[in-house]
Amino acid sequence: MAEKITPRSENYSQWYIDIVLQAKLADYAPVKGCMVIRPNGYALWEKMRDVLDGMFKETGHKNAYFPLLIPDSFLKREAEHVEGFSPELAVVTYGGGEELDEPLIIRPTSETIIWSMYKKWIQSYRDLPLLINQWANVVRWEKRTRLFLRTTEFLWQEGHTAHETADEAQEETLKMLFVYKKFAEEYMAIPVLAGEKTENEKFAGAVKTYTIEAMMQDRKALQAGTSHNLGQNFAKAFDVTFQTKDGTLDYVWATSWGVSTRLIGALIMTHSDDKGLILPPRLAPTEVVIIPIYKNKTKATVLEYCNRLYQSLRGKYSVVLDDDDQNTPGWKFSEWELQGIPLRIEVGPRDIEKEEVILARRDTGEKISVPSKSLEQRIGEILEDIQNNLFKRAATFKQENTHGIEAYEDFKRIIDSDGGFIQAPWCGSSECELRIKEETKATIRAIPISNNGDANGKKCLYCGEDAKFIATFAKSY
RNA sequence: CGGGCUGUAGCGCAGGGGCUAGCGCGCUCGGUUCGGGACCGAGAGGUCGGCGGUUCAAAUCCGCCCAGCCCGACCA
């Protein structure tokens, strides 16, 4: 008997860890805060990476690779940037057995080294826009780590773009935010809230930071991706200028944007249940598993049938035939459910006789009899239905746990009881934001991208002054 | 980094100064099984988290350290 997964109702954090370890997505590494991404987890990351990479290329970006080590002095060039990151830097001070003249930082993000290179590559408006992405690992020395959600080293992609005008940079920032939103919703089946971060929450060195925020099953928010408009901050720090069409010199306008292996944590905490992982079909490394059910005398027949089934499906779907005869069908059912495979085909003598098979859905547990003839088509339909159902389920949950509140008393009551997202009028001052955080632990996750006048006539829920925004508050990871 | 809990076989745990350190699951071999985590038989597997101390004797008592989890502060 395998270890049991702690039920969500008993201990949500432990449930999450149980899923990660038992579904063999990752394991703890010898170094504190680091994890090993196991084949199951890495296959998932590869799928996510491939889809995103395609979306980046479609929007005109090219991949490159910049080095892991960054001169200490580079980080210091942008004042806010160094202030934001210095507490969590890992620094190399020895190399080749000798103390280095200048310490080297293991990148926590690559703005500085990339902009030091952009200085060499950009002279004219003809060199713009420069649209580069890199897939890389980064290191941030976090105090408290959690598998996938916050690890000392993590994998991510970081896009770094350079533009001629402020408008173009802003357009790029939002374009990539919506690429992330599309990916989260259409592939991960995770509904997200897209919006802008407040001054307090924005990226160190950015003019504006935009975010997509997802709601986990415990109703806490998880920042799933960010896109930054860096203005001319890094261009000025690294002296990156270009000659405009009319011959003047100007600093280049910049963006950066990233998503990380944290998305795997978001995926788990959005869809999975007490039986284990649930993967959306569009990202599942294995979509279908075939489980033969036989007695000794029917073994040969069933296995042969399953083999034919496997051969006929493998061109169209990512399918596995579990013909291991060490485990019983029941054991296999549980094991594949634990690993989140969206669809299971059960084939026994009875089914073969009736010329049908049983399909079992991971999302609902429903078992469906399907005539063998129409199997290939039905699989496609059901996988699509699972994908849609997962999104709908998560969207309903998010909606049911999003509250519009105007009175601070109600705000506190909801944050302390059910939690969730709270949309409330806010005056725009950091002071109110920080007080609310102190008193309730809830932070502003995002404010609407355009001020559409929703806050007109409303009063800030904390200070009672005229509200400028309807902001979304939540406790977060 | 503060508060709490926990480290004994791969995993989950019991033992709590004395002679050969156990149990369940898993693992190996042989056989029977197989429609929701099968069963029988025979095996393998441990410097009891690490270092130091007390003692005739330490998994057990004491000190320090390390690791993991939970709750905070910091963050993708």
# chains A, B, ... in the order shown; residues from 1 in each chain; ligands from 1
>>> interface_residues(of="chain A", to="chain B", cutoff="7 Å", atoms="only C-alpha atoms (C1' of nucleotides)", output="number ranges by chain")
A: 1, 142-143, 260, 293-295, 328-331, 333-334
>>> residues_around(residues="G46 (chain B)", least_positions_apart="5", cutoff="12 Å", atoms="only C-alpha atoms (C1' of nucleotides)", output="PyMOL selection string")
chain B and resi 8-9+21-22+59
>>> residues_around(residues="Phe469 (chain A)", least_positions_apart="6", cutoff="6 Å", atoms="only C-alpha atoms (C1' of nucleotides)", output="PyMOL selection string")
chain A and resi 425-426+455
>>> select_by_dssp(residues="region 61-270 of chain A", states="strand (DSSP E)", output="MDAnalysis selection string")
chainID A and resid 62:63 69:71 90:95 98:106 130:139 153:163 192:196 208:215 221:231 241:243 249:251 253:260
>>> residues_around(residues="Lys197 (chain A)", least_positions_apart="6", cutoff="10 Å", atoms="only C-alpha atoms (C1' of nucleotides)", output="PDB file with all heavy atoms, in the first residue's frame")
ATOM      1  N   PHE A 203       8.118  45.160  -9.375  1.00  0.00           N
ATOM      2  CA  PHE A 203       9.473  44.643  -9.544  1.00  0.00           C
ATOM      3  C   PHE A 203      10.506  45.740  -9.283  1.00  0.00           C
ATOM      4  O   PHE A 203      10.302  46.902  -9.654  1.00  0.00           O
ATOM      5  CB  PHE A 203       9.604  44.149 -10.989  1.00  0.00           C
ATOM      6  CG  PHE A 203      10.953  43.655 -11.386  1.00  0.00           C
ATOM      7  CD1 PHE A 203      11.424  42.414 -10.964  1.00  0.00           C
ATOM      8  CD2 PHE A 203      11.757  44.414 -12.232  1.00  0.00           C
ATOM      9  CE1 PHE A 203      12.668  41.955 -11.369  1.00  0.00           C
ATOM     10  CE2 PHE A 203      13.006  43.960 -12.641  1.00  0.00           C
ATOM     11  CZ  PHE A 203      13.462  42.721 -12.202  1.00  0.00           C
ATOM     12  N   LYS A 208       6.374  50.079 -14.166  1.00  0.00           N
ATOM     13  CA  LYS A 208       5.086  49.438 -13.904  1.00  0.00           C
ATOM     14  C   LYS A 208       5.285  47.932 -13.954  1.00  0.00           C
ATOM     15  O   LYS A 208       6.027  47.426 -14.803  1.00  0.00           O
ATOM     16  CB  LYS A 208       4.058  49.796 -14.982  1.00  0.00           C
ATOM     17  CG  LYS A 208       3.433  51.167 -14.871  1.00  0.00           C
ATOM     18  CD  LYS A 208       2.682  51.465 -16.166  1.00  0.00           C
ATOM     19  CE  LYS A 208       2.030  52.853 -16.153  1.00  0.00           C
ATOM     20  NZ  LYS A 208       0.716  52.844 -15.512  1.00  0.00           N
ATOM     21  N   THR A 209       4.593  47.217 -13.059  1.00  0.00           N
ATOM     22  CA  THR A 209       4.591  45.756 -13.108  1.00  0.00           C
ATOM     23  C   THR A 209       3.153  45.282 -13.259  1.00  0.00           C
ATOM     24  O   THR A 209       2.268  45.744 -12.539  1.00  0.00           O
ATOM     25  CB  THR A 209       5.198  45.162 -11.823  1.00  0.00           C
ATOM     26  OG1 THR A 209       6.608  45.380 -11.818  1.00  0.00           O
ATOM     27  CG2 THR A 209       4.948  43.660 -11.732  1.00  0.00           C
ATOM     28  N   TYR A 210       2.950  44.383 -14.203  1.00  0.00           N
ATOM     29  CA  TYR A 210       1.644  43.761 -14.385  1.00  0.00           C
ATOM     30  C   TYR A 210       1.738  42.304 -13.991  1.00  0.00           C
ATOM     31  O   TYR A 210       2.815  41.693 -14.057  1.00  0.00           O
ATOM     32  CB  TYR A 210       1.183  43.890 -15.842  1.00  0.00           C
ATOM     33  CG  TYR A 210       0.973  45.329 -16.243  1.00  0.00           C
ATOM     34  CD1 TYR A 210       2.014  46.074 -16.779  1.00  0.00           C
ATOM     35  CD2 TYR A 210      -0.259  45.937 -16.041  1.00  0.00           C
ATOM     36  CE1 TYR A 210       1.842  47.401 -17.120  1.00  0.00           C
ATOM     37  CE2 TYR A 210      -0.448  47.275 -16.378  1.00  0.00           C
ATOM     38  CZ  TYR A 210       0.600  48.003 -16.922  1.00  0.00           C
ATOM     39  OH  TYR A 210       0.422  49.315 -17.257  1.00  0.00           O
ATOM     40  N   THR A 211       0.606  41.747 -13.590  1.00  0.00           N
ATOM     41  CA  THR A 211       0.625  40.396 -13.055  1.00  0.00           C
ATOM     42  C   THR A 211      -0.595  39.613 -13.500  1.00  0.00           C
ATOM     43  O   THR A 211      -1.618  40.206 -13.835  1.00  0.00           O
ATOM     44  CB  THR A 211       0.636  40.469 -11.509  1.00  0.00           C
ATOM     45  OG1 THR A 211       0.599  39.148 -10.962  1.00  0.00           O
ATOM     46  CG2 THR A 211      -0.580  41.229 -10.977  1.00  0.00           C
ATOM     47  N   ILE A 212      -0.439  38.307 -13.524  1.00  0.00           N
ATOM     48  CA  ILE A 212      -1.632  37.459 -13.555  1.00  0.00           C
ATOM     49  C   ILE A 212      -1.671  36.724 -12.215  1.00  0.00           C
ATOM     50  O   ILE A 212      -0.683  36.179 -11.763  1.00  0.00           O
ATOM     51  CB  ILE A 212      -1.660  36.459 -14.744  1.00  0.00           C
ATOM     52  CG1 ILE A 212      -0.390  35.616 -14.810  1.00  0.00           C
ATOM     53  CG2 ILE A 212      -1.892  37.191 -16.063  1.00  0.00           C
ATOM     54  CD1 ILE A 212      -0.489  34.469 -15.801  1.00  0.00           C
ATOM     55  N   THR A 226       4.590  37.649 -14.391  1.00  0.00           N
ATOM     56  CA  THR A 226       4.659  39.110 -14.328  1.00  0.00           C
ATOM     57  C   THR A 226       5.271  39.665 -15.607  1.00  0.00           C
ATOM     58  O   THR A 226       6.084  39.022 -16.263  1.00  0.00           O
ATOM     59  CB  THR A 226       5.522  39.605 -13.141  1.00  0.00           C
ATOM     60  OG1 THR A 226       6.745  38.876 -13.116  1.00  0.00           O
ATOM     61  CG2 THR A 226       4.800  39.432 -11.825  1.00  0.00           C
ATOM     62  N   HIS A 228       6.898  43.460 -16.927  1.00  0.00           N
ATOM     63  CA  HIS A 228       7.309  44.765 -16.415  1.00  0.00           C
ATOM     64  C   HIS A 228       7.605  45.760 -17.520  1.00  0.00           C
ATOM     65  O   HIS A 228       8.283  45.414 -18.492  1.00  0.00           O
ATOM     66  CB  HIS A 228       8.591  44.636 -15.577  1.00  0.00           C
ATOM     67  CG  HIS A 228       8.583  43.480 -14.630  1.00  0.00           C
ATOM     68  ND1 HIS A 228       7.758  43.438 -13.531  1.00  0.00           N
ATOM     69  CD2 HIS A 228       9.277  42.313 -14.630  1.00  0.00           C
ATOM     70  CE1 HIS A 228       7.963  42.298 -12.885  1.00  0.00           C
ATOM     71  NE2 HIS A 228       8.870  41.598 -13.532  1.00  0.00           N
ATOM     72  N   ILE A 444      -2.725  43.949  -1.857  1.00  0.00           N
ATOM     73  CA  ILE A 444      -3.356  44.221  -3.144  1.00  0.00           C
ATOM     74  C   ILE A 444      -2.658  43.352  -4.189  1.00  0.00           C
ATOM     75  O   ILE A 444      -1.460  43.476  -4.403  1.00  0.00           O
ATOM     76  CB  ILE A 444      -3.240  45.707  -3.513  1.00  0.00           C
ATOM     77  CG1 ILE A 444      -4.014  46.548  -2.491  1.00  0.00           C
ATOM     78  CG2 ILE A 444      -3.765  45.938  -4.935  1.00  0.00           C
ATOM     79  CD1 ILE A 444      -3.968  48.036  -2.757  1.00  0.00           C
ATOM     80  N   ARG A 445      -3.405  42.451  -4.755  1.00  0.00           N
ATOM     81  CA  ARG A 445      -2.828  41.543  -5.753  1.00  0.00           C
ATOM     82  C   ARG A 445      -2.738  42.235  -7.102  1.00  0.00           C
ATOM     83  O   ARG A 445      -1.796  42.013  -7.854  1.00  0.00           O
ATOM     84  CB  ARG A 445      -3.653  40.250  -5.878  1.00  0.00           C
ATOM     85  CG  ARG A 445      -3.859  39.478  -4.592  1.00  0.00           C
ATOM     86  CD  ARG A 445      -2.594  39.352  -3.772  1.00  0.00           C
ATOM     87  NE  ARG A 445      -1.483  38.774  -4.497  1.00  0.00           N
ATOM     88  CZ  ARG A 445      -0.207  38.926  -4.169  1.00  0.00           C
ATOM     89  NH1 ARG A 445       0.134  39.679  -3.146  1.00  0.00           N
ATOM     90  NH2 ARG A 445       0.738  38.354  -4.879  1.00  0.00           N
ATOM     91  N   ALA A 446      -3.763  43.029  -7.423  1.00  0.00           N
ATOM     92  CA  ALA A 446      -3.759  43.715  -8.712  1.00  0.00           C
ATOM     93  C   ALA A 446      -4.811  44.801  -8.718  1.00  0.00           C
ATOM     94  O   ALA A 446      -5.798  44.731  -7.978  1.00  0.00           O
ATOM     95  CB  ALA A 446      -4.043  42.727  -9.846  1.00  0.00           C
ATOM     96  N   ILE A 447      -4.576  45.820  -9.540  1.00  0.00           N
ATOM     97  CA  ILE A 447      -5.602  46.815  -9.784  1.00  0.00           C
ATOM     98  C   ILE A 447      -5.880  46.813 -11.287  1.00  0.00           C
ATOM     99  O   ILE A 447      -5.027  46.415 -12.079  1.00  0.00           O
ATOM    100  CB  ILE A 447      -5.195  48.218  -9.283  1.00  0.00           C
ATOM    101  CG1 ILE A 447      -3.823  48.608  -9.827  1.00  0.00           C
ATOM    102  CG2 ILE A 447      -5.165  48.265  -7.767  1.00  0.00           C
ATOM    103  CD1 ILE A 447      -3.343  49.947  -9.319  1.00  0.00           C
ATOM    104  N   PRO A 448      -7.083  47.197 -11.682  1.00  0.00           N
ATOM    105  CA  PRO A 448      -7.449  47.092 -13.097  1.00  0.00           C
ATOM    106  C   PRO A 448      -6.467  47.855 -13.991  1.00  0.00           C
ATOM    107  O   PRO A 448      -5.910  48.871 -13.583  1.00  0.00           O
ATOM    108  CB  PRO A 448      -8.831  47.722 -13.160  1.00  0.00           C
ATOM    109  CG  PRO A 448      -9.347  47.683 -11.766  1.00  0.00           C
ATOM    110  CD  PRO A 448      -8.160  47.773 -10.880  1.00  0.00           C
ATOM    111  N   ILE A 449      -6.285  47.339 -15.194  1.00  0.00           N
ATOM    112  CA  ILE A 449      -5.319  47.931 -16.096  1.00  0.00           C
ATOM    113  C   ILE A 449      -5.727  49.332 -16.538  1.00  0.00           C
ATOM    114  O   ILE A 449      -4.932  50.242 -16.583  1.00  0.00           O
ATOM    115  CB  ILE A 449      -5.113  47.011 -17.308  1.00  0.00           C
ATOM    116  CG1 ILE A 449      -4.306  45.799 -16.840  1.00  0.00           C
ATOM    117  CG2 ILE A 449      -4.379  47.733 -18.433  1.00  0.00           C
ATOM    118  CD1 ILE A 449      -4.239  44.698 -17.824  1.00  0.00           C
ATOM    119  N   ALA A 471      -9.498  47.853  -6.225  1.00  0.00           N
ATOM    120  CA  ALA A 471      -8.336  46.959  -6.195  1.00  0.00           C
ATOM    121  C   ALA A 471      -8.763  45.580  -5.715  1.00  0.00           C
ATOM    122  O   ALA A 471      -9.748  45.447  -4.991  1.00  0.00           O
ATOM    123  CB  ALA A 471      -7.275  47.528  -5.256  1.00  0.00           C
TER     124      ALA A 471
END
>>> residues_around(residues="Asn401 (chain A)", least_positions_apart="2", cutoff="7 Å", atoms="only C-alpha atoms (C1' of nucleotides)", output="PDB file with all heavy atoms, in the first residue's frame")
ATOM      1  N   PHE A 397     -15.204  28.456  -9.146  1.00  0.00           N
ATOM      2  CA  PHE A 397     -14.645  28.567  -7.794  1.00  0.00           C
ATOM      3  C   PHE A 397     -14.094  29.967  -7.546  1.00  0.00           C
ATOM      4  O   PHE A 397     -14.342  30.581  -6.512  1.00  0.00           O
ATOM      5  CB  PHE A 397     -13.538  27.523  -7.610  1.00  0.00           C
ATOM      6  CG  PHE A 397     -12.931  27.531  -6.235  1.00  0.00           C
ATOM      7  CD1 PHE A 397     -13.555  26.890  -5.184  1.00  0.00           C
ATOM      8  CD2 PHE A 397     -11.725  28.187  -5.999  1.00  0.00           C
ATOM      9  CE1 PHE A 397     -12.998  26.897  -3.909  1.00  0.00           C
ATOM     10  CE2 PHE A 397     -11.164  28.207  -4.732  1.00  0.00           C
ATOM     11  CZ  PHE A 397     -11.801  27.560  -3.683  1.00  0.00           C
ATOM     12  N   LYS A 398     -13.380  30.469  -8.526  1.00  0.00           N
ATOM     13  CA  LYS A 398     -12.778  31.797  -8.387  1.00  0.00           C
ATOM     14  C   LYS A 398     -13.874  32.858  -8.268  1.00  0.00           C
ATOM     15  O   LYS A 398     -13.795  33.760  -7.431  1.00  0.00           O
ATOM     16  CB  LYS A 398     -11.879  32.084  -9.594  1.00  0.00           C
ATOM     17  CG  LYS A 398     -11.301  33.494  -9.643  1.00  0.00           C
ATOM     18  CD  LYS A 398     -10.211  33.577 -10.714  1.00  0.00           C
ATOM     19  CE  LYS A 398      -9.861  35.002 -11.068  1.00  0.00           C
ATOM     20  NZ  LYS A 398     -10.759  35.586 -12.099  1.00  0.00           N
ATOM     21  N   GLN A 399     -14.885  32.707  -9.082  1.00  0.00           N
ATOM     22  CA  GLN A 399     -15.969  33.673  -9.073  1.00  0.00           C
ATOM     23  C   GLN A 399     -16.741  33.633  -7.752  1.00  0.00           C
ATOM     24  O   GLN A 399     -17.037  34.673  -7.161  1.00  0.00           O
ATOM     25  CB  GLN A 399     -16.916  33.379 -10.231  1.00  0.00           C
ATOM     26  CG  GLN A 399     -17.809  34.550 -10.583  1.00  0.00           C
ATOM     27  CD  GLN A 399     -18.863  34.138 -11.595  1.00  0.00           C
ATOM     28  OE1 GLN A 399     -18.748  33.092 -12.242  1.00  0.00           O
ATOM     29  NE2 GLN A 399     -19.888  34.951 -11.739  1.00  0.00           N
ATOM     30  N   HIS A 403     -15.324  38.620  -3.817  1.00  0.00           N
ATOM     31  CA  HIS A 403     -16.377  39.420  -3.188  1.00  0.00           C
ATOM     32  C   HIS A 403     -16.167  40.908  -3.422  1.00  0.00           C
ATOM     33  O   HIS A 403     -15.038  41.382  -3.327  1.00  0.00           O
ATOM     34  CB  HIS A 403     -16.394  39.174  -1.679  1.00  0.00           C
ATOM     35  CG  HIS A 403     -16.374  37.730  -1.306  1.00  0.00           C
ATOM     36  ND1 HIS A 403     -17.501  36.939  -1.300  1.00  0.00           N
ATOM     37  CD2 HIS A 403     -15.349  36.910  -0.961  1.00  0.00           C
ATOM     38  CE1 HIS A 403     -17.181  35.712  -0.952  1.00  0.00           C
ATOM     39  NE2 HIS A 403     -15.872  35.656  -0.733  1.00  0.00           N
ATOM     40  N   GLY A 420     -10.351  34.431  -0.002  1.00  0.00           N
ATOM     41  CA  GLY A 420     -10.719  34.657  -1.393  1.00  0.00           C
ATOM     42  C   GLY A 420     -10.251  36.021  -1.851  1.00  0.00           C
ATOM     43  O   GLY A 420      -9.468  36.692  -1.172  1.00  0.00           O
ATOM     44  N   PHE A 421     -10.724  36.405  -3.047  1.00  0.00           N
ATOM     45  CA  PHE A 421     -10.364  37.713  -3.599  1.00  0.00           C
ATOM     46  C   PHE A 421     -11.420  38.729  -3.153  1.00  0.00           C
ATOM     47  O   PHE A 421     -12.611  38.440  -3.213  1.00  0.00           O
ATOM     48  CB  PHE A 421     -10.368  37.675  -5.135  1.00  0.00           C
ATOM     49  CG  PHE A 421      -9.210  36.930  -5.738  1.00  0.00           C
ATOM     50  CD1 PHE A 421      -8.268  36.265  -4.951  1.00  0.00           C
ATOM     51  CD2 PHE A 421      -9.038  36.895  -7.131  1.00  0.00           C
ATOM     52  CE1 PHE A 421      -7.199  35.587  -5.515  1.00  0.00           C
ATOM     53  CE2 PHE A 421      -7.969  36.213  -7.706  1.00  0.00           C
ATOM     54  CZ  PHE A 421      -7.050  35.562  -6.904  1.00  0.00           C
TER      55      PHE A 421
END
>>> select_by_dssp(residues="region 250-370 of chain A", states="helix (DSSP H, G or I)", output="NGL selection string")
:A and (262-271 or 281-283 or 299-313 or 329-338 or 349-354)
>>> write_last_selection(atoms="N, CA and C atoms", output="compact mmCIF listing (two decimals), in the first residue's frame")
# COMPACT_ATOMS: atom_id res chain seq x y z
N ARG A 262 7.20 27.73 -10.92
CA ARG A 262 6.11 27.95 -9.96
C ARG A 262 4.75 27.61 -10.59
N LEU A 263 4.67 27.78 -11.92
CA LEU A 263 3.41 27.45 -12.60
C LEU A 263 2.97 26.02 -12.31
N ILE A 264 3.94 25.13 -12.11
CA ILE A 264 3.59 23.74 -11.80
C ILE A 264 2.87 23.68 -10.45
N GLY A 265 3.33 24.50 -9.51
CA GLY A 265 2.64 24.59 -8.22
C GLY A 265 1.23 25.10 -8.39
N ALA A 266 1.07 26.09 -9.27
CA ALA A 266 -0.26 26.65 -9.53
C ALA A 266 -1.19 25.59 -10.12
N LEU A 267 -0.63 24.81 -11.02
CA LEU A 267 -1.40 23.76 -11.67
C LEU A 267 -1.91 22.76 -10.64
N ILE A 268 -1.03 22.34 -9.76
CA ILE A 268 -1.39 21.37 -8.73
C ILE A 268 -2.48 21.94 -7.84
N MET A 269 -2.25 23.16 -7.34
CA MET A 269 -3.16 23.70 -6.34
C MET A 269 -4.48 24.21 -6.92
N THR A 270 -4.58 24.26 -8.24
CA THR A 270 -5.85 24.65 -8.85
C THR A 270 -6.75 23.45 -9.08
N HIS A 271 -6.17 22.35 -9.59
CA HIS A 271 -7.03 21.27 -10.06
C HIS A 271 -7.04 19.99 -9.23
N PRO A 281 -5.60 18.06 -19.99
CA PRO A 281 -5.15 17.26 -21.13
C PRO A 281 -4.13 17.96 -22.03
N ARG A 282 -4.30 19.25 -22.22
CA ARG A 282 -3.40 19.93 -23.17
C ARG A 282 -1.96 20.01 -22.65
N LEU A 283 -1.76 19.77 -21.39
CA LEU A 283 -0.40 19.80 -20.86
C LEU A 283 0.06 18.45 -20.32
N LYS A 299 -5.77 -13.88 -20.19
CA LYS A 299 -4.63 -12.97 -20.24
C LYS A 299 -4.14 -12.71 -21.67
N ALA A 300 -3.91 -13.80 -22.41
CA ALA A 300 -3.34 -13.66 -23.75
C ALA A 300 -4.27 -12.85 -24.65
N THR A 301 -5.55 -13.16 -24.62
CA THR A 301 -6.53 -12.46 -25.44
C THR A 301 -6.57 -10.97 -25.13
N VAL A 302 -6.67 -10.69 -23.83
CA VAL A 302 -6.81 -9.29 -23.41
C VAL A 302 -5.55 -8.49 -23.78
N LEU A 303 -4.40 -9.08 -23.50
CA LEU A 303 -3.16 -8.35 -23.79
C LEU A 303 -3.00 -8.10 -25.28
N GLU A 304 -3.39 -9.08 -26.06
CA GLU A 304 -3.26 -8.91 -27.50
C GLU A 304 -4.18 -7.78 -27.98
N TYR A 305 -5.40 -7.78 -27.43
CA TYR A 305 -6.37 -6.76 -27.78
C TYR A 305 -5.85 -5.37 -27.38
N CYS A 306 -5.32 -5.30 -26.18
CA CYS A 306 -4.80 -4.02 -25.68
C CYS A 306 -3.63 -3.52 -26.52
N ASN A 307 -2.82 -4.46 -26.93
CA ASN A 307 -1.68 -4.08 -27.76
C ASN A 307 -2.13 -3.48 -29.08
N ARG A 308 -3.15 -4.08 -29.66
CA ARG A 308 -3.67 -3.54 -30.92
C ARG A 308 -4.26 -2.15 -30.70
N LEU A 309 -4.98 -2.03 -29.58
CA LEU A 309 -5.56 -0.74 -29.22
C LEU A 309 -4.46 0.31 -29.07
N TYR A 310 -3.43 -0.08 -28.38
CA TYR A 310 -2.30 0.82 -28.14
C TYR A 310 -1.69 1.27 -29.47
N GLN A 311 -1.45 0.31 -30.34
CA GLN A 311 -0.85 0.64 -31.64
C GLN A 311 -1.75 1.57 -32.45
N SER A 312 -3.06 1.36 -32.35
CA SER A 312 -3.96 2.18 -33.16
C SER A 312 -4.10 3.61 -32.60
N LEU A 313 -3.86 3.77 -31.31
CA LEU A 313 -4.06 5.09 -30.70
C LEU A 313 -2.79 5.92 -30.63
N PRO A 329 -5.27 -4.57 -11.25
CA PRO A 329 -5.90 -3.40 -11.88
C PRO A 329 -6.21 -2.30 -10.88
N GLY A 330 -6.74 -2.68 -9.74
CA GLY A 330 -7.09 -1.66 -8.74
C GLY A 330 -5.89 -0.84 -8.34
N TRP A 331 -4.77 -1.49 -8.20
CA TRP A 331 -3.54 -0.78 -7.83
C TRP A 331 -3.17 0.21 -8.93
N LYS A 332 -3.29 -0.27 -10.16
CA LYS A 332 -2.94 0.60 -11.30
C LYS A 332 -3.88 1.79 -11.40
N PHE A 333 -5.16 1.56 -11.17
CA PHE A 333 -6.12 2.68 -11.21
C PHE A 333 -5.64 3.79 -10.28
N SER A 334 -5.35 3.40 -9.05
CA SER A 334 -4.95 4.38 -8.05
C SER A 334 -3.66 5.08 -8.44
N GLU A 335 -2.72 4.30 -8.92
CA GLU A 335 -1.41 4.84 -9.24
C GLU A 335 -1.49 5.88 -10.37
N TRP A 336 -2.26 5.57 -11.41
CA TRP A 336 -2.35 6.51 -12.54
C TRP A 336 -3.21 7.72 -12.18
N GLU A 337 -4.17 7.50 -11.29
CA GLU A 337 -4.94 8.65 -10.80
C GLU A 337 -4.04 9.58 -10.00
N LEU A 338 -3.17 8.99 -9.19
CA LEU A 338 -2.22 9.77 -8.42
C LEU A 338 -1.36 10.63 -9.33
N PRO A 349 -12.21 -8.93 -20.48
CA PRO A 349 -12.88 -9.90 -21.38
C PRO A 349 -14.32 -9.48 -21.70
N ARG A 350 -15.03 -8.98 -20.71
CA ARG A 350 -16.42 -8.58 -20.95
C ARG A 350 -16.53 -7.51 -22.02
N ASP A 351 -15.56 -6.56 -21.94
CA ASP A 351 -15.59 -5.45 -22.91
C ASP A 351 -15.28 -5.95 -24.32
N ILE A 352 -14.29 -6.83 -24.38
CA ILE A 352 -13.90 -7.34 -25.69
C ILE A 352 -15.08 -8.06 -26.34
N GLU A 353 -15.80 -8.83 -25.54
CA GLU A 353 -16.97 -9.54 -26.04
C GLU A 353 -18.01 -8.58 -26.61
N LYS A 354 -18.23 -7.50 -25.87
CA LYS A 354 -19.25 -6.54 -26.28
C LYS A 354 -18.72 -5.52 -27.30
>>> decode(residues="region 457-468 of chain A", atoms="N, CA and C atoms", output="CSV table (one decimal), in the first residue's frame")
chain,number,residue,atom,x,y,z
A,457,GLY,N,-17.2,58.0,-7.1
A,457,GLY,CA,-18.2,58.1,-6.1
A,457,GLY,C,-18.0,57.2,-4.9
A,458,LYS,N,-17.0,56.3,-5.0
A,458,LYS,CA,-16.8,55.3,-3.9
A,458,LYS,C,-15.7,55.9,-2.9
A,459,LYS,N,-15.7,55.4,-1.7
A,459,LYS,CA,-14.7,55.9,-0.7
A,459,LYS,C,-13.7,54.8,-0.4
A,460,CYS,N,-12.5,55.1,-0.2
A,460,CYS,CA,-11.5,54.1,0.2
A,460,CYS,C,-11.9,53.3,1.4
A,461,LEU,N,-11.8,52.0,1.4
A,461,LEU,CA,-12.3,51.2,2.5
A,461,LEU,C,-11.6,51.4,3.7
A,462,TYR,N,-10.3,52.0,3.7
A,462,TYR,CA,-9.6,52.2,4.9
A,462,TYR,C,-9.7,53.6,5.4
A,463,CYS,N,-9.4,54.6,4.6
A,463,CYS,CA,-9.3,56.0,5.1
A,463,CYS,C,-10.6,56.8,4.8
A,464,GLY,N,-11.4,56.3,3.9
A,464,GLY,CA,-12.7,57.0,3.6
A,464,GLY,C,-12.5,58.1,2.6
A,465,GLU,N,-11.3,58.4,2.2
A,465,GLU,CA,-11.2,59.5,1.1
A,465,GLU,C,-11.7,58.9,-0.2
A,466,ASP,N,-11.8,59.8,-1.2
A,466,ASP,CA,-12.3,59.4,-2.5
A,466,ASP,C,-11.4,58.2,-3.0
A,467,ALA,N,-12.1,57.2,-3.5
A,467,ALA,CA,-11.3,56.1,-4.1
A,467,ALA,C,-10.9,56.3,-5.5
A,468,LYS,N,-9.7,55.9,-5.9
A,468,LYS,CA,-9.2,56.0,-7.2
A,468,LYS,C,-9.4,54.7,-8.0
